[in-house]
>>> print(open('start.csv').read())   # CSV, C-alpha atoms
chain,number,residue,atom,x,y,z
B,1041,MET,CA,132.8,78.1,76.9
B,1042,GLU,CA,133.8,74.6,77.9
B,1043,SER,CA,136.6,76.0,80.0
B,1044,LYS,CA,134.1,77.9,82.3
B,1045,PHE,CA,132.5,74.7,83.5
B,1046,GLN,CA,135.5,72.5,83.1
B,1047,GLY,CA,135.0,69.0,84.4
B,1048,GLN,CA,131.7,69.7,85.9
B,1049,ASP,CA,129.5,67.9,83.4
B,1050,GLN,CA,131.4,64.7,83.9
B,1051,THR,CA,129.8,64.0,87.2
B,1052,LEU,CA,126.3,62.9,87.8
B,1053,LEU,CA,124.9,65.6,90.2
B,1054,GLN,CA,122.5,64.6,92.9
B,1055,GLN,CA,119.4,66.7,93.6
B,1056,GLY,CA,117.8,68.0,96.8
B,1057,TYR,CA,119.2,67.7,100.2
B,1058,SER,CA,121.5,64.8,99.4
B,1059,GLY,CA,122.9,67.0,96.5
B,1060,PHE,CA,123.4,69.9,99.0
B,1061,ALA,CA,125.4,67.6,101.3
B,1062,ALA,CA,127.3,66.1,98.4
B,1063,ASP,CA,128.2,69.5,97.0
B,1064,TRP,CA,129.4,70.9,100.3
B,1065,GLY,CA,131.3,67.7,101.0
B,1066,SER,CA,132.9,67.4,97.6
B,1067,ASP,CA,136.4,67.9,96.4
B,1068,GLN,CA,137.7,71.2,95.0
B,1069,ARG,CA,134.5,73.2,94.4
B,1070,VAL,CA,131.2,73.6,96.2
B,1071,PHE,CA,129.1,75.5,93.7
B,1072,LYS,CA,128.6,73.1,90.8
B,1073,ARG,CA,127.5,74.4,87.5
B,1074,VAL,CA,128.0,77.9,88.7
B,1075,SER,CA,130.7,80.0,87.1
B,1076,TRP,CA,133.2,81.8,89.3
B,1077,GLY,CA,131.8,85.1,88.1
B,1078,LYS,CA,128.3,84.4,89.3
B,1079,ALA,CA,129.5,82.8,92.6
B,1080,MET,CA,131.6,85.9,93.4
B,1081,MET,CA,128.7,88.2,92.5
B,1082,TRP,CA,126.5,86.3,95.0
B,1083,ILE,CA,129.2,86.5,97.7
B,1084,LEU,CA,129.5,90.3,97.1
B,1085,LEU,CA,125.8,90.6,97.3
B,1086,LEU,CA,125.7,88.6,100.6
B,1087,SER,CA,128.3,90.9,102.1
B,1088,ASP,CA,126.4,93.9,100.9
B,1089,THR,CA,123.3,92.4,102.5
B,1090,PHE,CA,125.2,92.5,105.8
B,1091,VAL,CA,126.2,96.2,105.3
B,1092,PHE,CA,122.6,97.2,104.6
B,1093,ALA,CA,121.3,95.0,107.4
B,1094,CYS,CA,123.7,96.7,109.8
B,1095,PHE,CA,122.3,100.1,108.8
B,1096,LEU,CA,118.7,99.0,109.1
B,1097,VAL,CA,119.3,97.3,112.4
B,1098,ALA,CA,121.1,100.4,113.7
B,1099,TYR,CA,118.2,102.6,112.5
B,1100,MET,CA,115.5,100.4,114.0
B,1101,THR,CA,117.4,100.3,117.3
B,1102,ALA,CA,117.9,104.1,117.4
B,1103,ARG,CA,114.3,104.6,116.5
B,1104,SER,CA,112.9,102.4,119.2
B,1105,SER,CA,115.3,103.4,122.0
B,1106,THR,CA,115.0,107.2,121.6
B,1107,THR,CA,112.7,109.0,123.9
B,1108,ALA,CA,112.0,111.8,121.4
B,1109,GLU,CA,109.2,111.4,118.9
B,1110,TRP,CA,110.3,109.9,115.5
B,1111,PRO,CA,109.4,112.2,112.6
B,1112,ASN,CA,106.4,111.0,110.6
B,1113,ALA,CA,107.8,109.8,107.3
B,1114,SER,CA,104.4,110.0,105.7
B,1115,GLU,CA,104.3,113.8,106.3
B,1116,VAL,CA,108.1,114.5,105.9
B,1117,PHE,CA,108.1,112.9,102.4
B,1118,ALA,CA,104.7,114.3,101.3
B,1119,LEU,CA,104.5,116.3,98.1
B,1120,HIS,CA,102.3,119.3,97.8
B,1121,ILE,CA,100.7,119.4,94.3
B,1122,GLY,CA,97.9,121.7,93.3
B,1123,GLY,CA,96.7,122.4,96.9
B,1124,HIS,CA,96.7,118.7,97.9
B,1125,ASN,CA,99.2,116.9,100.1
B,1126,PHE,CA,100.1,113.4,98.7
B,1127,PRO,CA,101.8,111.3,101.4
B,1128,LEU,CA,105.0,109.7,100.2
B,1129,LEU,CA,104.2,110.4,96.6
B,1130,LEU,CA,107.8,110.8,95.4
B,1131,ILE,CA,108.9,107.7,97.2
B,1132,ALA,CA,106.1,105.7,95.6
B,1133,ILE,CA,107.1,107.0,92.2
B,1134,MET,CA,110.8,106.0,92.9
B,1135,THR,CA,109.6,102.6,93.9
B,1136,PHE,CA,107.7,102.0,90.7
B,1137,VAL,CA,110.6,103.4,88.6
B,1138,LEU,CA,113.1,101.0,90.3
B,1139,ILE,CA,110.7,98.0,89.9
B,1140,SER,CA,110.3,98.8,86.2
B,1141,SER,CA,114.1,99.0,85.8
B,1142,SER,CA,114.3,95.5,87.4
B,1143,GLY,CA,111.7,94.3,84.8
B,1144,THR,CA,113.6,95.7,81.9
B,1145,MET,CA,116.8,94.1,83.3
B,1146,ALA,CA,115.1,90.7,83.5
B,1147,MET,CA,114.1,91.1,79.9
B,1148,ALA,CA,117.6,92.1,78.9
B,1149,VAL,CA,119.0,88.8,80.5
B,1150,ASN,CA,116.4,86.9,78.6
B,1151,SER,CA,117.4,88.6,75.3
B,1152,ALA,CA,121.1,88.1,76.1
B,1153,TYR,CA,120.7,84.3,76.3
B,1154,ARG,CA,118.9,84.4,73.0
B,1155,LYS,CA,122.0,86.2,71.8
B,1156,ALA,CA,119.7,89.1,70.5
B,1157,ARG,CA,122.3,91.8,70.8
B,1158,THR,CA,120.3,94.9,69.9
B,1159,PRO,CA,117.3,94.2,72.2
B,1160,THR,CA,119.8,93.3,75.0
B,1161,ALA,CA,121.7,96.6,74.7
B,1162,LEU,CA,118.6,98.7,74.4
B,1163,LEU,CA,116.9,97.1,77.4
B,1164,MET,CA,120.1,97.6,79.4
B,1165,LEU,CA,120.2,101.2,78.4
B,1166,ALA,CA,116.5,101.6,79.4
B,1167,THR,CA,117.4,100.0,82.8
B,1168,ALA,CA,120.3,102.5,83.1
B,1169,ALA,CA,118.0,105.4,82.2
B,1170,LEU,CA,115.4,104.4,84.8
B,1171,GLY,CA,118.2,104.0,87.4
B,1172,ALA,CA,119.5,107.5,86.5
B,1173,GLY,CA,116.0,108.8,86.9
B,1174,PHE,CA,115.8,107.2,90.3
B,1175,VAL,CA,119.1,108.8,91.4
B,1176,GLY,CA,117.8,112.1,90.1
B,1177,MET,CA,114.6,111.9,92.2
B,1178,GLN,CA,116.7,111.0,95.2
B,1179,ALA,CA,118.9,114.0,94.7
B,1180,PHE,CA,115.7,116.1,94.6
B,1181,GLU,CA,114.5,114.5,97.8
B,1182,TRP,CA,117.9,115.2,99.5
B,1183,THR,CA,117.8,118.8,98.3
B,1184,LYS,CA,114.3,119.3,99.6
B,1185,LEU,CA,115.1,117.8,103.0
B,1186,ILE,CA,118.3,119.7,103.4
B,1187,SER,CA,116.6,123.0,102.6
B,1188,GLU,CA,114.0,122.2,105.2
B,1189,GLY,CA,116.8,121.9,107.8
B,1190,VAL,CA,117.4,118.2,108.1
B,1191,ARG,CA,121.0,117.5,109.2
B,1192,PRO,CA,122.6,114.3,110.4
B,1193,TRP,CA,122.5,115.8,113.9
B,1194,GLU,CA,119.2,117.6,113.9
B,1195,ASN,CA,115.9,118.1,112.2
B,1196,PRO,CA,112.8,120.3,112.8
B,1197,TRP,CA,110.4,117.4,113.6
B,1198,GLY,CA,111.8,115.2,116.3
B,1199,ALA,CA,114.4,112.5,117.1
B,1200,GLU,CA,117.9,113.7,116.0
B,1201,GLN,CA,118.8,110.3,114.7
B,1202,PHE,CA,116.4,110.7,111.8
B,1203,GLY,CA,118.8,112.7,109.7
B,1204,ALA,CA,121.8,110.4,110.2
B,1205,SER,CA,119.7,107.3,109.5
B,1206,PHE,CA,118.2,108.9,106.4
B,1207,PHE,CA,121.4,110.1,104.8
B,1208,MET,CA,123.3,106.9,105.6
B,1209,ILE,CA,120.8,104.5,104.3
B,1210,THR,CA,119.5,106.3,101.2
B,1211,GLY,CA,123.0,107.6,100.5
B,1212,PHE,CA,124.5,104.1,100.4
B,1213,HIS,CA,121.7,102.8,98.4
B,1214,GLY,CA,121.9,105.7,95.9
B,1215,THR,CA,125.7,105.0,95.6
B,1216,HIS,CA,124.9,101.4,94.7
B,1217,VAL,CA,122.3,102.6,92.1
B,1218,THR,CA,124.9,105.0,90.6
B,1219,ILE,CA,127.6,102.3,90.3
B,1220,GLY,CA,125.0,100.0,88.7
B,1221,VAL,CA,124.1,102.6,86.1
B,1222,ILE,CA,127.7,103.1,85.2
B,1223,PHE,CA,128.3,99.4,84.8
B,1224,LEU,CA,125.0,98.9,82.8
B,1225,VAL,CA,126.3,101.5,80.3
B,1226,ILE,CA,129.7,99.8,80.1
B,1227,ILE,CA,128.2,96.3,79.5
B,1228,ALA,CA,125.5,97.6,77.2
B,1229,ARG,CA,128.2,99.2,75.0
B,1230,LYS,CA,130.1,95.9,74.9
B,1231,VAL,CA,127.0,93.9,73.9
B,1232,TRP,CA,126.1,96.5,71.3
B,1233,ARG,CA,129.6,96.2,69.7
B,1234,GLY,CA,129.4,92.4,69.7
B,1235,ASP,CA,132.4,92.0,72.0
B,1236,PHE,CA,130.9,88.9,73.6
B,1237,ASP,CA,130.5,87.1,70.3
B,1238,ARG,CA,134.1,87.3,69.4
B,1239,ASP,CA,136.6,84.5,69.9
B,1240,GLN,CA,138.3,86.5,72.7
B,1241,ARG,CA,138.2,86.2,76.4
B,1242,SER,CA,137.8,89.3,78.6
B,1243,TRP,CA,137.1,89.9,82.3
B,1244,LEU,CA,133.4,90.0,81.5
B,1245,SER,CA,133.0,87.1,79.1
B,1246,ALA,CA,134.7,83.9,77.9
B,1247,GLY,CA,133.9,85.0,74.4
B,1248,ASN,CA,132.2,83.0,71.6
B,1249,GLY,CA,128.7,84.0,72.7
B,1250,ASP,CA,129.1,83.8,76.4
B,1251,TYR,CA,126.5,86.3,77.6
B,1252,GLU,CA,126.5,85.3,81.3
B,1253,GLY,CA,128.0,88.7,82.1
B,1254,VAL,CA,124.6,90.2,81.5
B,1255,GLU,CA,123.0,87.9,84.0
B,1256,ILE,CA,125.6,88.7,86.6
B,1257,MET,CA,125.1,92.4,86.0
B,1258,GLY,CA,121.3,91.6,86.4
B,1259,LEU,CA,122.0,90.0,89.8
B,1260,TYR,CA,123.6,93.2,91.0
B,1261,TRP,CA,120.8,95.3,89.6
B,1262,HIS,CA,118.0,93.2,91.1
B,1263,PHE,CA,119.8,93.3,94.4
B,1264,VAL,CA,119.7,97.1,94.4
B,1265,ASP,CA,115.9,96.8,93.8
B,1266,LEU,CA,115.8,94.2,96.6
B,1267,VAL,CA,117.5,96.6,99.1
B,1268,TRP,CA,115.0,99.3,98.2
B,1269,VAL,CA,112.1,97.0,99.1
B,1270,PHE,CA,113.5,96.8,102.6
B,1271,ILE,CA,114.3,100.5,102.8
B,1272,PHE,CA,110.8,101.3,101.5
B,1273,ALA,CA,109.2,99.1,104.1
B,1274,PHE,CA,111.3,99.9,107.2
B,1275,PHE,CA,112.3,103.5,106.6
B,1276,TYR,CA,109.4,105.1,104.7
B,1277,LEU,CA,106.4,103.1,105.6
B,1278,TRP,CA,107.1,101.9,109.2
H,544,MET,CA,127.1,66.8,75.9
H,545,ALA,CA,125.8,63.4,74.7
H,546,HIS,CA,125.8,62.1,78.2
H,547,SER,CA,123.6,64.9,79.5
H,548,SER,CA,120.3,63.2,78.7
H,549,ARG,CA,121.2,60.7,81.4
H,550,THR,CA,122.0,63.2,84.1
H,551,ALA,CA,119.7,63.9,87.0
H,552,ASP,CA,119.5,67.5,85.9
H,553,ALA,CA,118.1,66.7,82.5
H,554,GLN,CA,115.5,64.5,84.2
H,555,ALA,CA,114.6,67.2,86.7
H,556,GLY,CA,113.8,69.8,84.1
H,557,THR,CA,115.3,72.3,81.7
H,558,ALA,CA,116.7,74.8,84.3
H,559,VAL,CA,120.3,73.9,83.7
H,560,GLN,CA,121.2,74.0,80.1
H,561,ASP,CA,124.3,73.1,78.1
H,562,HIS,CA,125.7,76.6,78.5
H,563,GLY,CA,125.0,76.7,82.2
H,564,GLY,CA,123.0,79.8,81.8
H,565,GLN,CA,119.5,80.7,83.0
H,566,GLN,CA,117.0,81.0,80.2
H,567,HIS,CA,113.4,81.5,81.3
H,568,PRO,CA,110.2,82.5,79.5
H,569,ILE,CA,109.5,86.3,79.2
H,570,LYS,CA,106.0,85.6,80.2
H,571,LEU,CA,107.2,84.6,83.7
H,572,TYR,CA,109.2,87.8,84.0
H,573,LEU,CA,106.2,90.0,83.0
H,574,LEU,CA,104.0,88.2,85.5
H,575,VAL,CA,106.5,88.9,88.3
H,576,TRP,CA,106.8,92.5,87.1
H,577,GLY,CA,103.1,92.9,87.3
H,578,LEU,CA,102.9,91.3,90.8
H,579,LEU,CA,105.7,93.6,92.1
H,580,PHE,CA,103.6,96.6,90.9
H,581,VAL,CA,100.5,95.3,92.6
H,582,LEU,CA,102.4,94.6,95.8
H,583,SER,CA,104.1,98.0,95.8
H,584,ALA,CA,100.7,99.7,95.2
H,585,ALA,CA,99.3,97.7,98.1
H,586,SER,CA,102.0,98.7,100.5
H,587,TYR,CA,101.7,102.4,99.4
H,588,PHE,CA,97.9,102.1,100.0
H,589,VAL,CA,98.7,101.0,103.6
H,590,ASP,CA,100.2,104.4,104.2
H,591,TYR,CA,97.7,106.3,102.1
H,592,ALA,CA,94.8,104.8,104.0
H,593,GLY,CA,96.5,105.7,107.3
H,594,LEU,CA,96.4,102.2,108.8
H,595,GLN,CA,98.1,102.1,112.2
H,596,GLY,CA,99.5,99.7,114.7
H,597,VAL,CA,99.9,95.9,114.3
H,598,LEU,CA,97.7,95.8,111.2
H,599,ARG,CA,100.0,98.4,109.5
H,600,TRP,CA,103.2,96.7,110.5
H,601,SER,CA,102.1,93.2,109.6
H,602,LEU,CA,100.8,94.3,106.2
H,603,ILE,CA,104.0,96.1,105.4
H,604,LEU,CA,106.1,93.1,106.4
H,605,ILE,CA,103.9,90.7,104.4
H,606,PHE,CA,104.1,92.8,101.2
H,607,MET,CA,107.9,93.3,101.8
H,608,VAL,CA,108.6,89.6,102.2
H,609,LEU,CA,106.5,88.7,99.1
H,610,LYS,CA,108.3,91.3,97.0
H,611,ALA,CA,111.7,90.2,98.2
H,612,GLY,CA,110.9,86.6,97.6
H,613,LEU,CA,109.7,87.2,94.0
H,614,ILE,CA,112.8,89.3,93.1
H,615,THR,CA,115.2,86.7,94.6
H,616,ALA,CA,113.5,83.6,93.3
H,617,VAL,CA,112.6,84.7,89.8
H,618,PHE,CA,114.5,87.8,88.8
H,619,MET,CA,117.7,86.6,90.4
H,620,HIS,CA,117.0,82.9,89.4
H,621,MET,CA,117.5,81.6,92.9
H,622,ALA,CA,114.7,79.2,92.4
H,623,TRP,CA,116.7,77.4,89.7
H,624,GLU,CA,120.1,77.4,91.5
H,625,ARG,CA,121.4,74.3,93.3
H,626,LEU,CA,120.7,74.1,97.0
H,627,ALA,CA,124.4,74.5,97.8
H,628,LEU,CA,124.4,78.0,96.5
H,629,SER,CA,120.9,79.0,97.7
H,630,TYR,CA,121.5,78.0,101.3
H,631,ALA,CA,125.0,79.6,101.3
H,632,ILE,CA,123.4,82.9,100.3
H,633,LEU,CA,120.0,82.7,102.1
H,634,LEU,CA,120.9,81.3,105.5
H,635,PRO,CA,123.3,84.0,106.8
H,636,PRO,CA,120.7,86.8,106.4
H,637,LEU,CA,118.3,84.7,108.5
H,638,ALA,CA,120.8,84.8,111.3
H,639,LEU,CA,120.7,88.6,111.0
H,640,ILE,CA,117.0,88.6,111.5
H,641,GLY,CA,117.7,86.9,114.8
H,642,LEU,CA,120.0,89.8,115.7
H,643,LEU,CA,117.4,92.3,114.7
H,644,VAL,CA,114.8,90.7,117.0
H,645,ILE,CA,117.3,90.6,119.9
H,646,LEU,CA,118.3,94.3,119.4
H,647,LEU,CA,114.7,95.4,119.2
H,648,ILE,CA,113.9,93.7,122.5
H,649,GLU,CA,117.0,95.4,124.1
H,650,SER,CA,116.0,98.8,122.6
H,651,ASP,CA,112.7,98.7,124.5
H,652,TYR,CA,114.7,98.2,127.7
H,653,THR,CA,117.0,101.1,126.7
H,654,ALA,CA,114.1,103.4,126.1
H,655,ALA,CA,112.6,102.5,129.5
H,656,THR,CA,115.9,103.1,131.3
H,657,ARG,CA,116.2,106.5,129.7
H,658,VAL,CA,112.7,107.5,130.8
H,659,ILE,CA,113.4,106.3,134.3
H,660,GLU,CA,117.0,107.6,134.8
H,661,LEU,CA,117.0,110.8,132.6
H,662,GLY,CA,113.4,111.7,133.3
H,663,ALA,CA,112.8,112.1,129.6
H,664,ARG,CA,109.2,111.9,128.4
>>> encode(input="start.csv", output="structure tokens")
Amino acid sequence: MESKFQGQDQTLLQQGYSGFAADWGSDQRVFKRVSWGKAMMWILLLSDTFVFACFLVAYMTARSSTTAEWPNASEVFALHIGGHNFPLLLIAIMTFVLISSSGTMAMAVNSAYRKARTPTALLMLATAALGAGFVGMQAFEWTKLISEGVRPWENPWGAEQFGASFFMITGFHGTHVTIGVIFLVIIARKVWRGDFDRDQRSWLSAGNGDYEGVEIMGLYWHFVDLVWVFIFAFFYLW
Amino acid sequence: MAHSSRTADAQAGTAVQDHGGQQHPIKLYLLVWGLLFVLSAASYFVDYAGLQGVLRWSLILIFMVLKAGLITAVFMHMAWERLALSYAILLPPLALIGLLVILLIESDYTAATRVIELGAR
């Protein structure tokens, strides 16, 4: 554990803006008291933010510069249940499922720092299950729209860019969720077996009870939820 | 870690602990979880109630920013990170918002040009 934050505790760190200036002006490393794993995850997430922002900017630009009517998402994504049309029902359920998965992930991080192995692994598996459920609902939604004739180049309701934007944005997001589910299962298994408690370094942990890997996994998972917040607002509700 | 009691971090609070990790009370996580549910329900209600125009857009944006802020600050622990990291991550996306605004202004002009030149309705 000491080696992860080597030399960092020797210095008296300043707070606030002077700390910000001192950190960025300092020798060797900027991100004090942040392990390389967490810093790299944040940098991955920042570049991912750029990818998703590009998609959303492109979608918004296409939507506001096309002369054709943009399909009404409220009607396109409505579910017909028992003679009633519920606008955006499936999307709302997906939103709540993803938020719940973020909640269980946060609890998993908390358990991990208490070194409670079983709750951590179970909460991570619950997160993975909710994530898999989300991807399943997205697959259902894709199937429904494709059967209704939505293609990247055309759709029955209006502006042609609708299909391309929809498949690009939700497809990339769904891929992120899928990758997250896979890694959640991998790390949950390691936690379950007690790999992080052993006196052994790995690419996920410095060993001897270093559970920061769970928090870093959590960063990725919360980011996936964060991206959905923006997709929900801009694509489905706008 | 005998010296840690004299560091500025120890005086500022308990956010940075000996292992460098982020341990926060479960109660806070549950509160944020609940708030996210309420905010999502509220933004769904905007659509369900069929609100339109500036009211719809501003409500959607307000709920979106609040949700994004809660997730980033509490779930992703940004509130407890040092400013050097927070600013490195949060400032670049703000530049993107500038790009978004500029492109939106341009798209209005593109749509107008298409109507005039191509005779589209």
>>> residues_around(input="start.csv", residues="Ala1093 in chain B", least_positions_apart="4", cutoff="12 Å", atoms="only C-alpha atoms", output="list in words")
Leu1085, Leu1086, Ser1087, Asp1088, Thr1089, Val1097, Ala1098, Tyr1099, Met1100, Thr1101, Ile1209, Phe1212, His1213, Val1267, Trp1268, Phe1270, Ile1271 and Phe1274 of chain B; Pro635, Pro636, Leu637, Ala638, Leu639, Ile640, Gly641, Leu642 and Leu643 of chain H
>>> atom_distance(input="start.csv", atom1="CA of Gly1059 in chain B", atom2="CA of Ala1079 in chain B")
17.6 Å
>>> closest_atom_pairs(input="start.csv", of="chain H", to="chain B", cutoff="8 Å", atoms="only C-alpha atoms", output="tab-separated table")
residue	atom	partner	partner_atom	distance
H:Met544	CA	B:Asp1049	CA	8.0
H:Ser547	CA	B:Asp1049	CA	7.7
H:Thr550	CA	B:Leu1052	CA	5.7
H:Ala551	CA	B:Leu1053	CA	6.3
H:Asp552	CA	B:Leu1053	CA	7.2
H:His562	CA	B:Met1041	CA	7.4
H:Gly563	CA	B:Arg1073	CA	6.3
H:Gly564	CA	B:Glu1252	CA	6.5
H:Gln565	CA	B:Tyr1153	CA	7.7
H:Gln566	CA	B:Asn1150	CA	6.1
H:His567	CA	B:Asn1150	CA	6.7
H:Pro568	CA	B:Asn1150	CA	7.7
H:Ile569	CA	B:Met1147	CA	6.7
H:Tyr572	CA	B:Ala1146	CA	6.6
H:Leu573	CA	B:Gly1143	CA	7.2
H:Trp576	CA	B:Gly1143	CA	5.7
H:Leu579	CA	B:Ile1139	CA	7.0
H:Phe580	CA	B:Phe1136	CA	6.8
H:Ser583	CA	B:Phe1136	CA	7.4
H:Tyr587	CA	B:Ala1132	CA	6.7
H:Asp590	CA	B:Leu1277	CA	6.5
H:Tyr591	CA	B:Pro1127	CA	6.5
H:Arg599	CA	B:Trp1278	CA	7.9
H:Trp600	CA	B:Trp1278	CA	6.6
H:Ile603	CA	B:Ala1273	CA	6.1
H:Leu604	CA	B:Ala1273	CA	7.1
H:Met607	CA	B:Val1269	CA	6.2
H:Lys610	CA	B:Val1269	CA	7.2
H:Ala611	CA	B:Leu1266	CA	5.9
H:Ile614	CA	B:Leu1266	CA	6.7
H:Thr615	CA	B:Leu1266	CA	7.8
H:Phe618	CA	B:Ala1146	CA	6.1
H:Met619	CA	B:Leu1259	CA	5.5
H:Arg625	CA	B:Phe1060	CA	7.5
H:Leu626	CA	B:Phe1060	CA	5.4
H:Ala627	CA	B:Phe1060	CA	4.9
H:Leu628	CA	B:Phe1071	CA	6.0
H:Ile632	CA	B:Leu1086	CA	6.2
H:Pro636	CA	B:Phe1090	CA	7.3
H:Leu639	CA	B:Ala1093	CA	7.4
H:Leu643	CA	B:Val1097	CA	5.8
H:Leu646	CA	B:Thr1101	CA	6.4
H:Leu647	CA	B:Thr1101	CA	5.9
H:Ser650	CA	B:Ser1105	CA	4.7
H:Asp651	CA	B:Ser1105	CA	5.9
H:Tyr652	CA	B:Ser1105	CA	7.7
H:Thr653	CA	B:Ser1105	CA	5.5
H:Ala654	CA	B:Ser1105	CA	4.3
H:Arg657	CA	B:Thr1107	CA	7.2
H:Val658	CA	B:Thr1107	CA	7.1
H:Ala663	CA	B:Thr1107	CA	6.5
H:Arg664	CA	B:Thr1107	CA	6.4
>>> closest_residue(input="start.csv", among="B:Glu1115, B:Val1264, B:Met1080, B:Phe1095", to="Trp1197 in chain B", atoms="all atoms listed in the file")
B:Glu1115
>>> atom_distance(input="start.csv", atom1="CA of Ala1118 in chain B", atom2="CA of Lys1184 in chain B")
11.0 Å
